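**Student:** Here you go, this is start_38.cif (mmCIF, C-alpha atoms).
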```cif
data_query
loop_
_atom_site.label_atom_id
_atom_site.label_comp_id
_atom_site.auth_asym_id
_atom_site.auth_seq_id
_atom_site.Cartn_x
_atom_site.Cartn_y
_atom_site.Cartn_z
CA MET A 477 16.67 -19.61 0.67
CA THR A 478 14.23 -17.15 -0.90
CA ALA A 479 12.37 -14.84 1.48
CA LYS A 480 8.75 -15.92 1.88
CA ILE A 481 7.43 -12.71 3.46
CA ILE A 482 8.61 -9.46 1.86
CA ALA A 483 7.64 -6.05 3.23
CA ILE A 484 8.06 -2.91 1.12
CA ASP A 485 7.50 0.49 2.70
CA GLY A 486 8.12 4.02 1.56
CA PRO A 487 6.57 7.41 0.86
CA ALA A 488 4.10 8.21 -1.91
CA ALA A 489 5.37 7.72 -5.48
CA SER A 490 8.57 5.99 -4.37
CA GLY A 491 7.81 3.05 -6.67
CA LYS A 492 6.43 0.62 -4.06
CA SER A 493 3.40 -0.55 -6.02
CA THR A 494 5.12 -0.98 -9.38
CA ILE A 495 8.16 -2.74 -7.92
CA GLY A 496 6.12 -4.79 -5.47
CA LYS A 497 3.83 -6.14 -8.18
CA LYS A 498 6.75 -7.06 -10.46
CA LEU A 499 8.62 -8.72 -7.60
CA ALA A 500 5.55 -10.74 -6.61
CA ASP A 501 5.01 -11.83 -10.22
CA HIS A 502 8.65 -12.91 -10.49
CA PHE A 503 8.36 -15.27 -7.50
CA GLY A 504 4.72 -16.24 -8.06
CA TYR A 505 3.73 -14.60 -4.76
CA LEU A 506 0.62 -12.68 -3.76
CA TYR A 507 0.98 -8.94 -4.32
CA PHE A 508 -0.79 -7.20 -1.45
CA ASP A 509 -1.22 -3.43 -1.38
CA THR A 510 -2.68 -2.94 2.10
CA GLY A 511 -4.58 0.13 0.93
CA VAL A 512 -7.26 -2.15 -0.57
CA MET A 513 -8.45 -3.09 2.91
CA TYR A 514 -9.12 0.55 3.79
CA ARG A 515 -11.01 0.85 0.52
CA ALA A 516 -13.11 -2.18 1.45
CA VAL A 517 -14.06 -0.63 4.79
CA THR A 518 -14.95 2.61 3.00
CA LEU A 519 -17.21 0.69 0.60
CA ALA A 520 -18.96 -1.06 3.47
CA ALA A 521 -19.45 2.22 5.35
CA LEU A 522 -20.95 3.95 2.32
CA ARG A 523 -23.27 1.00 1.65
CA ARG A 524 -24.58 1.17 5.20
CA GLY A 525 -25.03 4.92 5.05
CA LEU A 526 -22.73 5.53 8.01
CA ASN A 527 -21.43 8.99 8.83
CA LEU A 528 -17.78 8.77 7.77
CA GLU A 529 -16.89 11.39 10.38
CA ASN A 530 -18.13 9.08 13.15
CA GLU A 531 -14.86 7.44 14.15
CA ILE A 532 -16.48 5.14 16.72
CA ALA A 533 -18.99 3.72 14.23
CA ILE A 534 -16.40 3.27 11.47
CA THR A 535 -13.98 1.60 13.86
CA ARG A 536 -16.69 -0.78 15.06
CA LEU A 537 -17.47 -1.62 11.43
CA ALA A 538 -13.79 -2.35 10.65
CA GLU A 539 -13.66 -4.70 13.63
CA GLU A 540 -16.73 -6.61 12.43
CA LEU A 541 -15.80 -7.06 8.77
CA ARG A 542 -13.89 -10.02 7.38
CA ILE A 543 -11.63 -8.88 4.54
CA ASP A 544 -9.43 -11.27 2.61
CA VAL A 545 -6.92 -10.77 -0.18
CA SER A 546 -5.74 -13.64 -2.36
CA LEU A 547 -4.18 -14.45 -5.72
CA PRO A 548 -6.44 -13.46 -8.63
CA SER A 549 -9.04 -16.11 -9.45
CA ALA A 550 -9.55 -14.84 -13.01
CA GLU A 551 -7.16 -13.93 -15.82
CA ASN A 552 -8.64 -10.49 -16.34
CA GLY A 553 -5.70 -8.26 -15.52
CA ARG A 554 -6.42 -7.87 -11.82
CA SER A 555 -3.52 -8.19 -9.36
CA TYR A 556 -5.51 -9.90 -6.58
CA ASP A 557 -9.00 -10.75 -5.36
CA VAL A 558 -10.44 -8.66 -2.54
CA LEU A 559 -13.27 -10.33 -0.62
CA LEU A 560 -15.51 -8.37 1.72
CA ASP A 561 -17.45 -10.83 3.90
CA SER A 562 -16.99 -13.38 1.07
CA GLU A 563 -18.18 -10.95 -1.66
CA ASP A 564 -15.73 -10.19 -4.47
CA VAL A 565 -15.40 -6.38 -4.36
CA THR A 566 -12.13 -6.07 -6.28
CA LYS A 567 -13.54 -3.72 -8.91
CA LYS A 568 -16.01 -1.91 -6.66
CA ILE A 569 -13.38 -0.54 -4.27
CA PHE A 570 -11.78 1.57 -7.00
CA GLN A 571 -14.83 3.68 -7.76
CA PRO A 572 -14.50 7.52 -7.54
CA GLU A 573 -16.68 7.63 -4.42
CA ILE A 574 -14.18 5.38 -2.64
CA ASP A 575 -11.23 7.48 -3.84
CA LYS A 576 -12.88 10.56 -2.39
CA ASN A 577 -13.47 9.13 1.09
CA VAL A 578 -10.82 6.51 1.84
CA SER A 579 -8.32 8.98 3.33
CA VAL A 580 -10.80 9.82 6.12
CA ILE A 581 -11.27 6.15 7.00
CA SER A 582 -7.56 5.27 6.91
CA ALA A 583 -6.66 8.02 9.40
CA TYR A 584 -8.61 6.48 12.30
CA PRO A 585 -6.28 4.67 14.76
CA GLY A 586 -8.96 2.11 15.61
CA VAL A 587 -9.46 1.22 11.97
CA ARG A 588 -5.73 0.85 11.47
CA ARG A 589 -5.50 -1.47 14.48
CA ALA A 590 -8.39 -3.61 13.24
CA LEU A 591 -6.98 -3.89 9.73
CA THR A 592 -3.45 -4.56 10.96
CA ALA A 593 -4.74 -7.81 12.46
CA GLN A 594 -6.35 -8.76 9.15
CA GLN A 595 -3.24 -7.81 7.18
CA ARG A 596 -1.13 -9.99 9.46
CA ARG A 597 -3.49 -12.91 8.91
CA VAL A 598 -2.92 -12.64 5.16
CA GLY A 599 0.80 -11.90 5.37
CA LEU A 600 1.71 -14.72 7.74
CA ARG A 601 0.51 -17.26 5.18
CA GLY A 602 3.78 -16.52 3.39
CA GLU A 603 4.69 -16.15 -0.27
CA VAL A 604 3.58 -12.54 -0.18
CA VAL A 605 4.96 -9.13 -1.13
CA MET A 606 3.16 -6.64 1.08
CA VAL A 607 3.31 -2.95 0.25
CA GLY A 608 2.44 0.02 2.45
CA ARG A 609 3.82 2.55 4.89
CA ASP A 610 3.99 0.55 8.14
CA ILE A 611 4.50 -3.04 7.01
CA GLY A 612 8.03 -3.61 8.30
CA THR A 613 7.48 -1.62 11.49
CA VAL A 614 3.95 -2.57 12.56
CA VAL A 615 2.14 -5.08 10.36
CA LEU A 616 4.87 -7.68 9.76
CA PRO A 617 7.95 -6.87 11.86
CA GLU A 618 8.96 -10.54 11.44
CA ALA A 619 9.12 -10.29 7.63
CA ASP A 620 12.04 -12.18 6.08
CA LEU A 621 12.98 -9.13 4.01
CA LYS A 622 12.14 -5.49 4.75
CA VAL A 623 12.80 -2.87 2.10
CA TYR A 624 12.30 0.89 2.36
CA LEU A 625 12.06 2.46 -1.09
CA ASP A 626 12.83 6.16 -1.01
CA ALA A 627 13.36 9.05 -3.42
CA SER A 628 13.63 12.81 -3.16
CA VAL A 629 10.35 14.71 -3.08
CA GLU A 630 11.32 16.38 -6.36
CA GLU A 631 11.81 13.04 -8.10
CA ARG A 632 8.59 11.61 -6.69
CA ALA A 633 6.63 14.70 -7.75
CA ARG A 634 8.11 14.40 -11.25
CA ARG A 635 6.95 10.78 -11.49
CA ARG A 636 3.45 11.65 -10.34
CA TYR A 637 3.34 14.54 -12.83
CA LEU A 638 4.26 12.17 -15.67
CA GLU A 639 1.54 9.76 -14.54
CA TYR A 640 -1.06 12.51 -14.77
CA GLN A 641 0.20 13.52 -18.21
CA MET A 642 0.08 9.93 -19.41
CA HIS A 643 -3.59 9.75 -18.45
CA GLY A 644 -4.35 13.12 -20.00
CA GLU A 645 -5.16 14.75 -16.67
CA PRO A 646 -4.26 18.39 -15.94
CA ALA A 647 -1.43 18.73 -13.44
CA SER A 648 0.88 21.33 -11.92
CA MET A 649 4.36 20.35 -10.77
CA GLU A 650 4.21 23.04 -8.09
CA GLU A 651 0.92 21.77 -6.70
CA ILE A 652 2.00 18.14 -6.86
CA THR A 653 5.24 18.91 -5.01
CA LYS A 654 3.35 20.88 -2.37
CA SER A 655 0.84 18.06 -1.92
CA MET A 656 3.64 15.49 -1.74
CA ARG A 657 5.41 17.40 1.05
CA LYS A 658 2.13 17.65 2.96
CA ARG A 659 1.45 13.91 2.58
CA ASP A 660 4.99 13.10 3.75
CA ARG A 661 4.52 15.26 6.82
CA ILE A 662 1.18 13.65 7.70
CA ASP A 663 2.44 10.09 7.11
CA SER A 664 5.61 10.55 9.16
CA THR A 665 4.06 12.39 12.13
CA ARG A 666 0.69 10.67 12.55
CA GLU A 667 0.12 9.05 15.93
CA ALA A 668 -0.95 5.68 14.55
CA ALA A 669 1.75 3.70 12.73
CA PRO A 670 3.81 6.56 11.27
CA LEU A 671 5.94 6.08 8.17
CA LYS A 672 9.50 5.33 9.25
CA LEU A 673 12.45 3.12 8.41
CA ALA A 674 12.42 -0.22 10.22
CA ARG A 675 15.63 -0.87 12.14
CA ASP A 676 16.55 -3.88 10.00
CA ALA A 677 15.18 -2.63 6.67
CA VAL A 678 17.31 -2.15 3.55
CA ARG A 679 16.89 1.43 2.36
CA ILE A 680 17.11 1.95 -1.40
CA ASN A 681 17.10 5.45 -2.85
CA THR A 682 15.56 5.15 -6.30
CA ASP A 683 16.64 8.58 -7.59
CA GLY A 684 18.25 8.04 -10.99
CA LEU A 685 17.34 4.34 -11.09
CA ASN A 686 14.87 2.75 -13.48
CA ILE A 687 12.36 0.07 -12.51
CA ASP A 688 14.49 -2.82 -13.76
CA GLN A 689 17.53 -1.68 -11.78
CA VAL A 690 15.55 -1.51 -8.54
CA LEU A 691 13.80 -4.81 -9.28
CA ASP A 692 17.09 -6.60 -9.93
CA ARG A 693 18.40 -5.40 -6.56
CA LEU A 694 15.30 -6.63 -4.76
CA LYS A 695 15.46 -10.03 -6.47
CA LEU A 696 19.00 -10.47 -5.17
CA LEU A 697 17.99 -9.35 -1.69
CA ALA A 698 15.05 -11.76 -1.63
CA GLU A 699 17.31 -14.62 -2.70
CA GLY A 700 19.91 -13.70 -0.09
CA LYS A 701 22.54 -12.94 -2.77
CA ASP A 702 22.89 -9.17 -2.29
CA VAL A 703 25.98 -7.91 -0.46
#
```
As structure tokens, how would this structure be written, given the file I've shared?
**Tutor:**
Amino acid sequence: MTAKIIAIDGPAASGKSTIGKKLADHFGYLYFDTGVMYRAVTLAALRRGLNLENEIAITRLAEELRIDVSLPSAENGRSYDVLLDSEDVTKKIFQPEIDKNVSVISAYPGVRRALTAQQRRVGLRGEVVMVGRDIGTVVLPEADLKVYLDASVEERARRRYLEYQMHGEPASMEEITKSMRKRDRIDSTREAAPLKLARDAVRINTDGLNIDQVLDRLKLLAEGKDV
């Protein structure tokens, strides 16, 4: 029987988003990158003119908002619909102002707790591939399939460097690697929901593997055919 709830965790640039989206498309499931919920809270905070450094106010806001994520309602290339108190904000949450401030919002333990409850509400509907850093350990520990995608920091930095080049953006391998190590350290040592391998997760090191090779492995795992 095919897994109905699939959790994919892993560090930055390990391939979670690309693989998760392709896997969801293969099974006709919802692809859910949990980061969009933190972006939605950031949008709401900026609209209300809140001080983003005020953890108490931002946490209270996250507890009050209703955020939903569902299959895309329009064939316009989007991966999902993101609704903020019933308003479609799918495009609005990817504005530069959100990019600049979302990391502050996502670091607050109270915000993470509030959004974990909302992520669970979406995930427990089933037929979902949920991607993040604490899905298998905190958000959906009951997931049918838990996968931890990993890769060396050098390989992940190389991938990110190529992404920047593809978009014509200036980039330094040295700076990217340094930033990647810092992000890994923060993600794995933070007090609230640190990045770690779930006890029953399947760890896949993607060094030297292409997207199709990793995707084929996950398809087999989801269908219970992998040994």
**Student:** So which residues touch segment 497-503 of chain A within 9 Å, counting all atoms listed in the file, skipping near sequence neighbours fewer than 6 positions away, as a list in words?
**Tutor:**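 After dropping sequence-adjacent residues, the list is Asp509, Ser555, Glu603, Val604, Val605, Leu691, Leu694 and Lys695 of chain A.
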**Student:** For this file, the PyMOL selection byres ((chain A and resi 560-577) around 12) selects which residues, as a PyMOL selection string?
**Tutor:** chain A and resi 511-523+527-529+537-538+540-550+552-559+578-583+594
**Student:** By how many Å are atom CA of Glu631 of chain A and atom CA of Asp683 of chain A apart?
**Tutor:**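 Separation of atom CA of Glu631 of chain A and atom CA of Asp683 of chain A: 6.6 Å.
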**Student:** What is the atom CA of Met477 of chain A to atom CA of Gly700 of chain A distance in Å?
**Tutor:**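 Between these atoms lies a distance of 6.8 Å.
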**Student:** Applied to the shown file, which residues does the PyMOL selection byres ((chain A and resi 613-615) around 8) return, written as a short mmCIF file (atom, residue, chain, number, x, y, z; two decimals) with C-alpha atoms, keeping the file's coordinate frame?
**Tutor:**
```cif
data_model
loop_
_atom_site.label_atom_id
_atom_site.label_comp_id
_atom_site.auth_asym_id
_atom_site.auth_seq_id
_atom_site.Cartn_x
_atom_site.Cartn_y
_atom_site.Cartn_z
CA THR A 592 -3.45 -4.56 10.96
CA ALA A 593 -4.74 -7.81 12.46
CA GLN A 595 -3.24 -7.81 7.18
CA ARG A 596 -1.13 -9.99 9.46
CA ASP A 610 3.99 0.55 8.14
CA ILE A 611 4.50 -3.04 7.01
CA GLY A 612 8.03 -3.61 8.30
CA LEU A 616 4.87 -7.68 9.76
CA PRO A 617 7.95 -6.87 11.86
CA ALA A 669 1.75 3.70 12.73
CA LYS A 672 9.50 5.33 9.25
CA LEU A 673 12.45 3.12 8.41
CA ALA A 674 12.42 -0.22 10.22
#
```
**Student:** Return the single residue from A:Ser648, A:Asn681, A:Asn530, A:Ser655 that is closest to Val623 of chain A, with distances computed using all atoms listed in the file.
**Tutor:**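 The closest residue to Val623 of chain A is A:Asn681.
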**Student:** Can you spell out as a PyMOL selection string the set of residues that the PyMOL selection byres ((chain A and resi 679) around 6) selects in the structure I just provided?
**Tutor:** chain A and resi 623-624+678+680
**Student:** Report, in Å to a single decimal, how far apart atom CA of Asp485 of chain A and atom CA of Gly608 of chain A are.
**Tutor:**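 It comes out at 5.1 Å.
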**Student:** Near Arg635 of chain A, within 12 Å and counting only C-alpha atoms, which residues show up once chain neighbours fewer than 2 positions away are dropped, as a list in words?
**Tutor:**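 So, after excluding close chain neighbours, the residues are Ala488, Ala489, Ser490, Gly491, Ala627, Ser628, Val629, Glu630, Glu631, Arg632, Ala633, Tyr637, Leu638, Glu639, Tyr640, Gln641, Met642, Ala647, Met649, Ile652, Thr653, Met656, Thr682, Asp683, Gly684 and Asn686 of chain A.
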**Student:** Considering all atoms listed in the file, state which residue in the set A:Leu591, A:Thr478, A:Arg661, A:Gly586 is at the smallest distance from Arg536 of chain A.
**Tutor:**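 For Arg536 of chain A, the nearest of the candidates is A:Gly586.
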**Student:** Given the choices A:Glu618, A:Asp692, A:Asp626, A:Asp676, which gets closest to Asp660 of chain A if the distance is worked out from all atoms listed in the file?
**Tutor:** A:Asp626
**Student:** Which residue, A:Ala619, A:Ile662, A:Ile534, A:Met606, has the smallest gap to Arg588 of chain A when you use only C-alpha atoms?
**Tutor:**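 When distances to Arg588 of chain A are compared using only C-alpha atoms, the smallest one comes from A:Ile534.
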**Student:** Select, from A:Ala533, A:Val690, A:Ala677, A:Leu696, the residue with the minimum atom-to-atom distance to Lys492 of chain A, counting all atoms listed in the file.
**Tutor:** A:Val690
**Student:** For Gly602 of chain A, which of A:Glu531, A:Lys701, A:Arg657, A:Leu621 is the closest residue, counting all atoms listed in the file?
**Tutor:**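 Among A:Glu531, A:Lys701, A:Arg657, A:Leu621, it is A:Leu621 that comes nearest to Gly602 of chain A.
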